[in-house]
Amino acid sequence: MEEMMLGKSIAETFPRLRLEGDMKEYLSPARVEHVAIDRKAHRLNVQIVSRRWIHKKYIYGLEEEIGRQLFPDMDLQIRVREHFYLSGQYTPERFFEVYHSSLLRECREEDRMLCHVLQTSDISFPEEDRLELSLEDTLTGHEKEKQLVLYLTQIFEERCHMAVHIHVSWHPAETEAHRQEDEAGFRREADRIFARAGVSGGKASSAAGSDTGGQAVSQNADGPGAAAPQTGGKSGGPGQPQGGRKGRRTQNDAPADPDQLFGRYFEGDSTPIASLDETAGEVILKGQVTMQETRELRSGKVLVMFALTDFTDTIRGKIFADPDQAKTLEAGLKQGSFIRLRGRVLQDAYEHELMLSGIQGIRRAADFRETRTDTAPVRRVELHAHTKMSEMDGASETKDLIRRAWKWGHPAVAITDHGAVQGFPDANKAMQGIDDEYRRAYAEKHPELDRDALKKVSAPFKVLYGCEVYLVDDLRGIAVNTKGQTLQDSFVVFDIETTGLSNLTCRIIEIGAVRVCGGEITERFSTFVNPEVPIPFRIEQLTSISDSMVENAPTIREVLPQFLEFCGNDVLVAHNADFDVGFIQKACEDQGIPHDFTRIDTVALAQYLLPQL
């Protein structure tokens with residue numbers, strides 16, 4: 001094994017690697033401790049360390065991107081192992097609360113039955129270093145007990161360097177249905193293990209290369225050429241070569257059948273994508289292509305990747321093809337096209353998800369979607385349609401909404417996005433297309449009309465251009481709960497930093513204030529506040545306040561009385577005072593301290609005094 005010790009960032013270690021979005025943000029603080037290439041196992045091991053915990057989905061994403069970007073044509077497995085050196089704000093219980101979804105994601109990828117046992121367990125921390133693990137009293141629970149204990153021990157002690165003692169107890173399974181589901185899952189897990197070992201139904205499968213009537217079949221067919229065509233006997237269906245003919249076509253040759261895009265002819269019923277799991281094996285699927293990408297490899301092959309949906313779920317597939325064959329696939333697998341295919345479902349080592357591999361045949365298919373119609377005798381007009389320009393409330397393209405209303409025979413449709421009119425140009429363009437389509441059909445029925453007359457013809461359909469506007473509360477008070485104070489009285493200007501936006505669930509981490517009297521600053525108050533919980537990563541990025549800065553600071557129970565004493569009866573002034581004063585009021589309520597603040601909001605004050613801004 002070759003090993004190189006490193007202490008650089010991921011970007012410095014892999015300068016050609018490009019990470020985007022959340023993955024880049026959450027992995028940026030991590031350091032690469034070492035990189036090791038295991039040539040015998042064809043594996044690249046990368047160990048990273050971080051003072052922030054990282055969700056497993058970003059670790060899997062890093063593995064995928066290293067393999068995809070840096071080693072696209074190499075049979076190399078990428079393994080990233082992470083270690084966390086967390087602040088003292090993290091106890092095992094607090095860490096488990098925030099890391100729970102990451103644990104389930106990792107468990108699900110490695111062993112689904114172990115994930116099931118973890119999901120149905122009850123976990124508590126009666127003491128800081130003691131984990132009480134209560135498992136369901138089932139066959140699978142007893143089978144996976146030691147494995148789960150070992151897994152949790154490794155997570156806490158090796159990955160996070162936290163000492164935890166795990167005590168196991170048992171509780172009855174909730175219902176008979178849970179028990180049956182548990183046992184069914186255990187059988188699926190056993191089938192998967194048998195399949196990996198080349199065993200079917202408890203019997204050993206035929207050895208590779210055995211006599212199968214002139215056809216050699218690979219148990220784990222993966223990619224073009226995995227299964228050779230028949231060389232004798234009856235011919236197959238359309239697109240399948242005749243046995244014994246010279247120059248017979250292989251799976252990589254261009255098919256004679258115009259509907260055959262790749263591989264051999266096949267028949268059979270299709271399986272819903274939503275029902276697939278890692279035990280599905282060889283299946284026939286039908287669906288619509290939603291994405292296609294090709295990539296030339298150094299070996300001369302072309303990697304064709306695509307995504308297929310049958311509207312129950314979506315699955316991705318990959319084919320290693322010759323350049324000429326890749327052109328046929330690229331044309332036949334265009335986004336929006338419908339196909340049927342036969343291939344094998346596998347858990348991809350790089351993608352960490354179910355994928356189609358060993359694809360034996362792809363054929364063009366008809367659109368199998370059932371088109372909805374409007375059968376109402378009098379068609380309505382939709383006056384409140386949102387397009388994708390309405391953030392978080394619309395996903396449809398403007399042209400798709402308009403054409404759907406036209407196809408249904410509606411006389412009009414109104415586009416009313418949230419505070420936006422960016423959909424109007426697309427709506428106008430879609431309307432022009434409908435008018436052109438209508439004119440062509442009208443011209444066929446009325447050949448006597450000349451071009452000028454046709455220009456005056458338009459579709460009996462309208463687009464109503466609208467918008468959901470936002471209203472600003474311009475009656476909101478600048479000063480709230482006044483008691484006859486004047487501008488000559490002293491006041492306290494303050495600001496706080498918190499772990500989040502809600503005063504119900506989040507906590508104060510810093511308070512800073514000054515007292516102003518006669519236009520001069522006369523006193524100052526400033527302190528960090530220990531929230532007694534870890535500071536979220538995004539809050540640390542926003543405020544530059546880390547766990548190490550607050551873990552030795554006083555808690556709000558100590559700080560609040562001191563801050564209230566500093567303020568006295570002065571008016572509280574803050575920018576967006578509802579937020580800052582709201583946190584102070586909530587802290588007072590938690591400690592049973594009465595409050596009756598007069599506050600001034602400088603946001604509203606600035607809007608009044610600086611209207612030009």
# chains A, B, ... in the order shown; residues from 1 in each chain; ligands from 1

$ select_by_dssp --residues "range 287-451 of chain A" --states "strand (DSSP E or B)" --output "PDB file with C-alpha atoms, in the first residue's frame"
ATOM      1  CA  GLY A 287     -40.449   5.033 -19.236  1.00  0.00           C
ATOM      2  CA  GLN A 288     -39.520   8.489 -20.431  1.00  0.00           C
ATOM      3  CA  VAL A 289     -35.915   9.702 -20.630  1.00  0.00           C
ATOM      4  CA  THR A 290     -35.507  12.783 -18.417  1.00  0.00           C
ATOM      5  CA  MET A 291     -31.755  13.294 -18.760  1.00  0.00           C
ATOM      6  CA  GLN A 292     -28.925  12.146 -20.990  1.00  0.00           C
ATOM      7  CA  GLU A 293     -25.188  12.799 -20.851  1.00  0.00           C
ATOM      8  CA  THR A 294     -22.272  11.341 -22.798  1.00  0.00           C
ATOM      9  CA  ARG A 295     -18.617  11.362 -21.884  1.00  0.00           C
ATOM     10  CA  GLU A 296     -15.654  10.201 -23.963  1.00  0.00           C
ATOM     11  CA  VAL A 302     -18.117   6.494 -24.692  1.00  0.00           C
ATOM     12  CA  LEU A 303     -19.989   6.486 -21.391  1.00  0.00           C
ATOM     13  CA  VAL A 304     -23.697   7.138 -22.025  1.00  0.00           C
ATOM     14  CA  MET A 305     -25.647   8.050 -18.877  1.00  0.00           C
ATOM     15  CA  PHE A 306     -29.379   8.634 -18.726  1.00  0.00           C
ATOM     16  CA  ALA A 307     -32.295   8.842 -16.293  1.00  0.00           C
ATOM     17  CA  LEU A 308     -35.586   7.005 -16.841  1.00  0.00           C
ATOM     18  CA  THR A 309     -38.940   7.659 -15.169  1.00  0.00           C
ATOM     19  CA  THR A 314     -36.857   7.431 -11.471  1.00  0.00           C
ATOM     20  CA  ILE A 315     -33.693   5.374 -11.969  1.00  0.00           C
ATOM     21  CA  ARG A 316     -30.424   6.148 -13.722  1.00  0.00           C
ATOM     22  CA  GLY A 317     -28.514   3.922 -16.092  1.00  0.00           C
ATOM     23  CA  LYS A 318     -25.120   3.814 -17.774  1.00  0.00           C
ATOM     24  CA  ILE A 319     -23.786   2.125 -20.916  1.00  0.00           C
ATOM     25  CA  PHE A 320     -20.199   1.847 -22.132  1.00  0.00           C
ATOM     26  CA  ALA A 321     -20.560   2.051 -25.921  1.00  0.00           C
ATOM     27  CA  PHE A 338     -39.995   6.925 -24.500  1.00  0.00           C
ATOM     28  CA  ILE A 339     -38.149   3.599 -24.370  1.00  0.00           C
ATOM     29  CA  ARG A 340     -38.332   0.029 -23.086  1.00  0.00           C
ATOM     30  CA  LEU A 341     -35.176  -1.642 -21.851  1.00  0.00           C
ATOM     31  CA  ARG A 342     -33.917  -4.825 -20.312  1.00  0.00           C
ATOM     32  CA  GLY A 343     -31.110  -4.692 -17.769  1.00  0.00           C
ATOM     33  CA  ARG A 344     -29.898  -5.518 -14.309  1.00  0.00           C
ATOM     34  CA  VAL A 345     -30.523  -3.427 -11.178  1.00  0.00           C
ATOM     35  CA  LEU A 346     -27.426  -3.033  -9.020  1.00  0.00           C
ATOM     36  CA  GLN A 347     -26.306  -0.930  -6.058  1.00  0.00           C
ATOM     37  CA  LEU A 354     -29.766   1.732  -7.349  1.00  0.00           C
ATOM     38  CA  MET A 355     -28.736   1.968 -10.993  1.00  0.00           C
ATOM     39  CA  LEU A 356     -29.267   0.098 -14.255  1.00  0.00           C
ATOM     40  CA  SER A 357     -26.213  -1.769 -15.435  1.00  0.00           C
ATOM     41  CA  GLY A 358     -25.590  -4.673 -17.778  1.00  0.00           C
ATOM     42  CA  ILE A 359     -28.245  -3.311 -20.138  1.00  0.00           C
ATOM     43  CA  GLN A 360     -28.996  -5.995 -22.735  1.00  0.00           C
ATOM     44  CA  GLY A 361     -31.439  -4.159 -24.961  1.00  0.00           C
ATOM     45  CA  ILE A 362     -33.161  -0.807 -25.500  1.00  0.00           C
ATOM     46  CA  ARG A 363     -36.157  -0.258 -27.801  1.00  0.00           C
ATOM     47  CA  ARG A 364     -38.191   2.783 -28.734  1.00  0.00           C
ATOM     48  CA  GLU A 382     -58.337  29.409 -14.332  1.00  0.00           C
ATOM     49  CA  LEU A 383     -57.742  32.829 -12.776  1.00  0.00           C
ATOM     50  CA  HIS A 384     -54.920  31.861 -10.391  1.00  0.00           C
ATOM     51  CA  ALA A 385     -52.124  29.901 -12.108  1.00  0.00           C
ATOM     52  CA  ALA A 412     -58.419  31.712 -21.280  1.00  0.00           C
ATOM     53  CA  VAL A 413     -55.948  31.299 -18.432  1.00  0.00           C
ATOM     54  CA  ALA A 414     -54.550  33.863 -15.989  1.00  0.00           C
ATOM     55  CA  ILE A 415     -50.852  33.880 -14.984  1.00  0.00           C
ATOM     56  CA  THR A 416     -50.562  35.349 -11.468  1.00  0.00           C
ATOM     57  CA  ASP A 417     -47.096  34.724 -10.074  1.00  0.00           C
ATOM     58  CA  HIS A 418     -45.903  35.940  -6.657  1.00  0.00           C
TER      59      HIS A 418
END

$ atom_distance --atom1 "CA of Glu65 in chain A" --atom2 "CA of Arg31 in chain A"
17.0 Å

$ atom_distance --atom1 "CA of Glu109 in chain A" --atom2 "CA of Glu64 in chain A"
14.0 Å

$ residues_around --residues "Asp400 in chain A" --least-positions-apart "4" --cutoff "12 Å" --atoms "only C-alpha atoms" --output "PDB file with all heavy atoms, in the first residue's frame"
ATOM      1  N   ALA A 385     -53.132  30.909 -11.748  1.00  0.00           N
ATOM      2  CA  ALA A 385     -52.124  29.901 -12.108  1.00  0.00           C
ATOM      3  C   ALA A 385     -50.725  30.414 -11.773  1.00  0.00           C
ATOM      4  O   ALA A 385     -50.367  31.543 -12.126  1.00  0.00           O
ATOM      5  CB  ALA A 385     -52.224  29.564 -13.593  1.00  0.00           C
ATOM      6  N   HIS A 386     -49.938  29.569 -11.084  1.00  0.00           N
ATOM      7  CA  HIS A 386     -48.561  29.913 -10.729  1.00  0.00           C
ATOM      8  C   HIS A 386     -47.597  29.122 -11.596  1.00  0.00           C
ATOM      9  O   HIS A 386     -47.741  27.900 -11.746  1.00  0.00           O
ATOM     10  CB  HIS A 386     -48.286  29.596  -9.255  1.00  0.00           C
ATOM     11  CG  HIS A 386     -49.000  30.500  -8.311  1.00  0.00           C
ATOM     12  ND1 HIS A 386     -49.162  30.203  -6.973  1.00  0.00           N
ATOM     13  CD2 HIS A 386     -49.596  31.701  -8.497  1.00  0.00           C
ATOM     14  CE1 HIS A 386     -49.829  31.181  -6.385  1.00  0.00           C
ATOM     15  NE2 HIS A 386     -50.104  32.087  -7.290  1.00  0.00           N
ATOM     16  N   THR A 387     -46.593  29.783 -12.132  1.00  0.00           N
ATOM     17  CA  THR A 387     -45.543  29.116 -12.894  1.00  0.00           C
ATOM     18  C   THR A 387     -44.323  28.931 -11.989  1.00  0.00           C
ATOM     19  O   THR A 387     -44.357  29.252 -10.797  1.00  0.00           O
ATOM     20  CB  THR A 387     -45.151  29.956 -14.122  1.00  0.00           C
ATOM     21  OG1 THR A 387     -44.383  31.089 -13.706  1.00  0.00           O
ATOM     22  CG2 THR A 387     -46.397  30.430 -14.872  1.00  0.00           C
ATOM     23  N   LYS A 388     -43.241  28.463 -12.571  1.00  0.00           N
ATOM     24  CA  LYS A 388     -42.023  28.258 -11.770  1.00  0.00           C
ATOM     25  C   LYS A 388     -41.414  29.586 -11.321  1.00  0.00           C
ATOM     26  O   LYS A 388     -40.486  29.589 -10.503  1.00  0.00           O
ATOM     27  CB  LYS A 388     -41.001  27.452 -12.557  1.00  0.00           C
ATOM     28  CG  LYS A 388     -40.415  28.163 -13.756  1.00  0.00           C
ATOM     29  CD  LYS A 388     -39.354  27.302 -14.428  1.00  0.00           C
ATOM     30  CE  LYS A 388     -38.671  28.058 -15.559  1.00  0.00           C
ATOM     31  NZ  LYS A 388     -37.618  27.242 -16.197  1.00  0.00           N
ATOM     32  N   ALA A 395     -44.065  24.995 -10.135  1.00  0.00           N
ATOM     33  CA  ALA A 395     -42.990  24.222 -10.755  1.00  0.00           C
ATOM     34  C   ALA A 395     -43.165  24.093 -12.265  1.00  0.00           C
ATOM     35  O   ALA A 395     -42.289  23.568 -12.938  1.00  0.00           O
ATOM     36  CB  ALA A 395     -42.924  22.822 -10.134  1.00  0.00           C
ATOM     37  N   SER A 396     -44.278  24.561 -12.814  1.00  0.00           N
ATOM     38  CA  SER A 396     -44.583  24.365 -14.230  1.00  0.00           C
ATOM     39  C   SER A 396     -44.006  25.487 -15.084  1.00  0.00           C
ATOM     40  O   SER A 396     -43.949  26.651 -14.661  1.00  0.00           O
ATOM     41  CB  SER A 396     -46.096  24.297 -14.443  1.00  0.00           C
ATOM     42  OG  SER A 396     -46.665  23.233 -13.721  1.00  0.00           O
ATOM     43  N   ARG A 404     -51.650  23.644 -21.989  1.00  0.00           N
ATOM     44  CA  ARG A 404     -52.579  22.690 -21.378  1.00  0.00           C
ATOM     45  C   ARG A 404     -53.990  23.270 -21.339  1.00  0.00           C
ATOM     46  O   ARG A 404     -54.958  22.592 -21.674  1.00  0.00           O
ATOM     47  CB  ARG A 404     -52.098  22.340 -19.967  1.00  0.00           C
ATOM     48  CG  ARG A 404     -53.062  21.471 -19.160  1.00  0.00           C
ATOM     49  CD  ARG A 404     -53.392  20.176 -19.878  1.00  0.00           C
ATOM     50  NE  ARG A 404     -52.198  19.358 -20.049  1.00  0.00           N
ATOM     51  CZ  ARG A 404     -52.095  18.377 -20.949  1.00  0.00           C
ATOM     52  NH1 ARG A 404     -53.119  18.104 -21.748  1.00  0.00           N
ATOM     53  NH2 ARG A 404     -50.996  17.672 -21.055  1.00  0.00           N
ATOM     54  N   ALA A 405     -54.127  24.533 -20.941  1.00  0.00           N
ATOM     55  CA  ALA A 405     -55.449  25.167 -20.925  1.00  0.00           C
ATOM     56  C   ALA A 405     -56.043  25.225 -22.341  1.00  0.00           C
ATOM     57  O   ALA A 405     -57.248  25.000 -22.534  1.00  0.00           O
ATOM     58  CB  ALA A 405     -55.348  26.572 -20.330  1.00  0.00           C
ATOM     59  N   TRP A 406     -55.205  25.500 -23.336  1.00  0.00           N
ATOM     60  CA  TRP A 406     -55.663  25.554 -24.736  1.00  0.00           C
ATOM     61  C   TRP A 406     -56.115  24.171 -25.206  1.00  0.00           C
ATOM     62  O   TRP A 406     -57.183  24.036 -25.840  1.00  0.00           O
ATOM     63  CB  TRP A 406     -54.535  26.106 -25.599  1.00  0.00           C
ATOM     64  CG  TRP A 406     -54.637  25.830 -27.081  1.00  0.00           C
ATOM     65  CD1 TRP A 406     -53.824  25.043 -27.829  1.00  0.00           C
ATOM     66  CD2 TRP A 406     -55.609  26.355 -27.988  1.00  0.00           C
ATOM     67  NE1 TRP A 406     -54.210  25.030 -29.136  1.00  0.00           N
ATOM     68  CE2 TRP A 406     -55.318  25.836 -29.270  1.00  0.00           C
ATOM     69  CE3 TRP A 406     -56.695  27.197 -27.843  1.00  0.00           C
ATOM     70  CZ2 TRP A 406     -56.059  26.139 -30.397  1.00  0.00           C
ATOM     71  CZ3 TRP A 406     -57.447  27.508 -28.972  1.00  0.00           C
ATOM     72  CH2 TRP A 406     -57.140  26.979 -30.220  1.00  0.00           C
ATOM     73  N   LYS A 407     -55.348  23.140 -24.896  1.00  0.00           N
ATOM     74  CA  LYS A 407     -55.702  21.783 -25.320  1.00  0.00           C
ATOM     75  C   LYS A 407     -56.997  21.320 -24.659  1.00  0.00           C
ATOM     76  O   LYS A 407     -57.760  20.548 -25.245  1.00  0.00           O
ATOM     77  CB  LYS A 407     -54.573  20.819 -24.983  1.00  0.00           C
ATOM     78  CG  LYS A 407     -53.309  21.007 -25.796  1.00  0.00           C
ATOM     79  CD  LYS A 407     -53.516  20.650 -27.251  1.00  0.00           C
ATOM     80  CE  LYS A 407     -52.203  20.742 -28.024  1.00  0.00           C
ATOM     81  NZ  LYS A 407     -52.407  20.457 -29.471  1.00  0.00           N
ATOM     82  N   VAL A 413     -56.614  31.673 -19.671  1.00  0.00           N
ATOM     83  CA  VAL A 413     -55.948  31.299 -18.432  1.00  0.00           C
ATOM     84  C   VAL A 413     -55.206  32.520 -17.914  1.00  0.00           C
ATOM     85  O   VAL A 413     -54.664  33.315 -18.696  1.00  0.00           O
ATOM     86  CB  VAL A 413     -54.970  30.121 -18.645  1.00  0.00           C
ATOM     87  CG1 VAL A 413     -53.835  30.495 -19.585  1.00  0.00           C
ATOM     88  CG2 VAL A 413     -54.416  29.630 -17.307  1.00  0.00           C
ATOM     89  N   ILE A 415     -52.154  34.122 -15.611  1.00  0.00           N
ATOM     90  CA  ILE A 415     -50.852  33.880 -14.984  1.00  0.00           C
ATOM     91  C   ILE A 415     -50.686  34.908 -13.867  1.00  0.00           C
ATOM     92  O   ILE A 415     -50.634  36.108 -14.113  1.00  0.00           O
ATOM     93  CB  ILE A 415     -49.709  34.013 -16.007  1.00  0.00           C
ATOM     94  CG1 ILE A 415     -49.927  33.063 -17.184  1.00  0.00           C
ATOM     95  CG2 ILE A 415     -48.371  33.752 -15.331  1.00  0.00           C
ATOM     96  CD1 ILE A 415     -49.972  31.608 -16.811  1.00  0.00           C
ATOM     97  N   GLY A 423     -42.662  35.762 -16.100  1.00  0.00           N
ATOM     98  CA  GLY A 423     -43.296  34.762 -16.950  1.00  0.00           C
ATOM     99  C   GLY A 423     -44.017  35.345 -18.145  1.00  0.00           C
ATOM    100  O   GLY A 423     -44.412  34.610 -19.055  1.00  0.00           O
ATOM    101  N   ASP A 426     -42.522  34.567 -21.782  1.00  0.00           N
ATOM    102  CA  ASP A 426     -42.790  33.179 -22.178  1.00  0.00           C
ATOM    103  C   ASP A 426     -44.264  32.985 -22.504  1.00  0.00           C
ATOM    104  O   ASP A 426     -44.620  32.233 -23.419  1.00  0.00           O
ATOM    105  CB  ASP A 426     -42.384  32.219 -21.053  1.00  0.00           C
ATOM    106  CG  ASP A 426     -40.881  32.102 -20.909  1.00  0.00           C
ATOM    107  OD1 ASP A 426     -40.177  32.461 -21.868  1.00  0.00           O
ATOM    108  OD2 ASP A 426     -40.406  31.662 -19.844  1.00  0.00           O
ATOM    109  N   ALA A 427     -45.145  33.661 -21.753  1.00  0.00           N
ATOM    110  CA  ALA A 427     -46.576  33.542 -22.019  1.00  0.00           C
ATOM    111  C   ALA A 427     -46.916  34.128 -23.387  1.00  0.00           C
ATOM    112  O   ALA A 427     -47.701  33.553 -24.156  1.00  0.00           O
ATOM    113  CB  ALA A 427     -47.365  34.254 -20.923  1.00  0.00           C
ATOM    114  N   LYS A 429     -44.897  34.415 -25.941  1.00  0.00           N
ATOM    115  CA  LYS A 429     -44.339  33.522 -26.974  1.00  0.00           C
ATOM    116  C   LYS A 429     -45.214  32.288 -27.154  1.00  0.00           C
ATOM    117  O   LYS A 429     -45.453  31.833 -28.283  1.00  0.00           O
ATOM    118  CB  LYS A 429     -42.918  33.116 -26.577  1.00  0.00           C
ATOM    119  CG  LYS A 429     -42.182  32.337 -27.645  1.00  0.00           C
ATOM    120  CD  LYS A 429     -40.749  32.074 -27.214  1.00  0.00           C
ATOM    121  CE  LYS A 429     -39.994  31.287 -28.284  1.00  0.00           C
ATOM    122  NZ  LYS A 429     -38.595  31.023 -27.864  1.00  0.00           N
ATOM    123  N   ALA A 430     -45.709  31.734 -26.046  1.00  0.00           N
ATOM    124  CA  ALA A 430     -46.591  30.567 -26.139  1.00  0.00           C
ATOM    125  C   ALA A 430     -47.890  30.922 -26.853  1.00  0.00           C
ATOM    126  O   ALA A 430     -48.421  30.139 -27.644  1.00  0.00           O
ATOM    127  CB  ALA A 430     -46.882  30.030 -24.737  1.00  0.00           C
ATOM    128  N   MET A 431     -48.410  32.118 -26.597  1.00  0.00           N
ATOM    129  CA  MET A 431     -49.642  32.568 -27.251  1.00  0.00           C
ATOM    130  C   MET A 431     -49.421  32.725 -28.749  1.00  0.00           C
ATOM    131  O   MET A 431     -50.297  32.394 -29.564  1.00  0.00           O
ATOM    132  CB  MET A 431     -50.088  33.888 -26.619  1.00  0.00           C
ATOM    133  CG  MET A 431     -51.477  34.326 -27.013  1.00  0.00           C
ATOM    134  SD  MET A 431     -52.759  33.202 -26.436  1.00  0.00           S
ATOM    135  CE  MET A 431     -53.648  32.925 -27.956  1.00  0.00           C
ATOM    136  N   GLY A 433     -47.345  30.993 -30.529  1.00  0.00           N
ATOM    137  CA  GLY A 433     -47.304  29.645 -31.079  1.00  0.00           C
ATOM    138  C   GLY A 433     -48.699  29.062 -31.262  1.00  0.00           C
ATOM    139  O   GLY A 433     -48.983  28.381 -32.256  1.00  0.00           O
ATOM    140  N   ILE A 434     -49.579  29.315 -30.292  1.00  0.00           N
ATOM    141  CA  ILE A 434     -50.964  28.824 -30.399  1.00  0.00           C
ATOM    142  C   ILE A 434     -51.675  29.501 -31.570  1.00  0.00           C
ATOM    143  O   ILE A 434     -52.387  28.854 -32.349  1.00  0.00           O
ATOM    144  CB  ILE A 434     -51.710  29.083 -29.073  1.00  0.00           C
ATOM    145  CG1 ILE A 434     -51.173  28.147 -27.982  1.00  0.00           C
ATOM    146  CG2 ILE A 434     -53.215  28.881 -29.254  1.00  0.00           C
ATOM    147  CD1 ILE A 434     -51.734  28.417 -26.609  1.00  0.00           C
TER     148      ILE A 434
END

$ atom_distance --atom1 "CA of Arg451 in chain A" --atom2 "CA of Asn428 in chain A"
22.2 Å

$ residues_around --residues "range 605-612 of chain A" --least-positions-apart "4" --cutoff "10 Å" --atoms "only C-alpha atoms" --output "ChimeraX atom specification"
/A:474,477-479,575,600-601

$ closest_residue --among "A:Ser124, A:Thr153, A:Thr371, A:Ser50" --to "Ser169 in chain A" --atoms "only C-alpha atoms"
A:Ser124

$ closest_residue --among "A:Asp324, A:Ile66, A:Asp393, A:Gly336" --to "Gly300 in chain A" --atoms "only C-alpha atoms"
A:Asp324

$ residues_around --residues "Glu25 in chain A" --least-positions-apart "5" --cutoff "10 Å" --atoms "only C-alpha atoms" --output "list in words"
Leu19, Glu20, Phe537, Arg538 and Gln541 of chain A

$ closest_residue --among "A:Val149, A:Leu86, A:Ile37, A:Ala30" --to "Ser546 in chain A" --atoms "only C-alpha atoms"
A:Leu86

$ residues_around --residues "Asp310 in chain A" --least-positions-apart "6" --cutoff "9 Å" --atoms "only C-alpha atoms" --output "count of residues only"
8

$ closest_residue --among "A:Tyr442, A:Phe71, A:Phe14, A:Tyr60" --to "Arg298 in chain A" --atoms "only C-alpha atoms"
A:Phe71

$ decode --residues "range 441-452 of chain A" --atoms "N, CA and C atoms" --output "short mmCIF file (atom, residue, chain, number, x, y, z; two decimals), in the first residue's frame"
data_model
loop_
_atom_site.label_atom_id
_atom_site.label_comp_id
_atom_site.auth_asym_id
_atom_site.auth_seq_id
_atom_site.Cartn_x
_atom_site.Cartn_y
_atom_site.Cartn_z
N ALA A 441 -54.23 25.47 -39.16
CA ALA A 441 -55.42 24.62 -39.25
C ALA A 441 -56.58 25.35 -39.94
N TYR A 442 -56.70 26.65 -39.68
CA TYR A 442 -57.77 27.44 -40.28
C TYR A 442 -57.56 27.57 -41.78
N ALA A 443 -56.29 27.75 -42.21
CA ALA A 443 -55.99 27.88 -43.63
C ALA A 443 -56.32 26.62 -44.40
N GLU A 444 -56.13 25.45 -43.78
CA GLU A 444 -56.47 24.19 -44.45
C GLU A 444 -57.98 24.08 -44.70
N LYS A 445 -58.78 24.62 -43.79
CA LYS A 445 -60.24 24.56 -43.94
C LYS A 445 -60.78 25.68 -44.84
N HIS A 446 -60.01 26.77 -44.95
CA HIS A 446 -60.45 27.92 -45.75
C HIS A 446 -59.35 28.31 -46.73
N PRO A 447 -59.15 27.49 -47.78
CA PRO A 447 -58.07 27.78 -48.74
C PRO A 447 -58.30 29.06 -49.53
N GLU A 448 -59.51 29.60 -49.53
CA GLU A 448 -59.79 30.80 -50.31
C GLU A 448 -59.21 32.06 -49.67
N LEU A 449 -58.83 32.03 -48.41
CA LEU A 449 -58.32 33.21 -47.74
C LEU A 449 -56.88 33.50 -48.16
N ASP A 450 -56.58 34.79 -48.39
CA ASP A 450 -55.21 35.17 -48.73
C ASP A 450 -54.41 35.40 -47.45
N ARG A 451 -53.11 35.73 -47.63
CA ARG A 451 -52.22 35.87 -46.48
C ARG A 451 -52.64 37.00 -45.55
N ASP A 452 -53.07 38.15 -46.14
CA ASP A 452 -53.47 39.28 -45.31
C ASP A 452 -54.69 38.95 -44.47
#
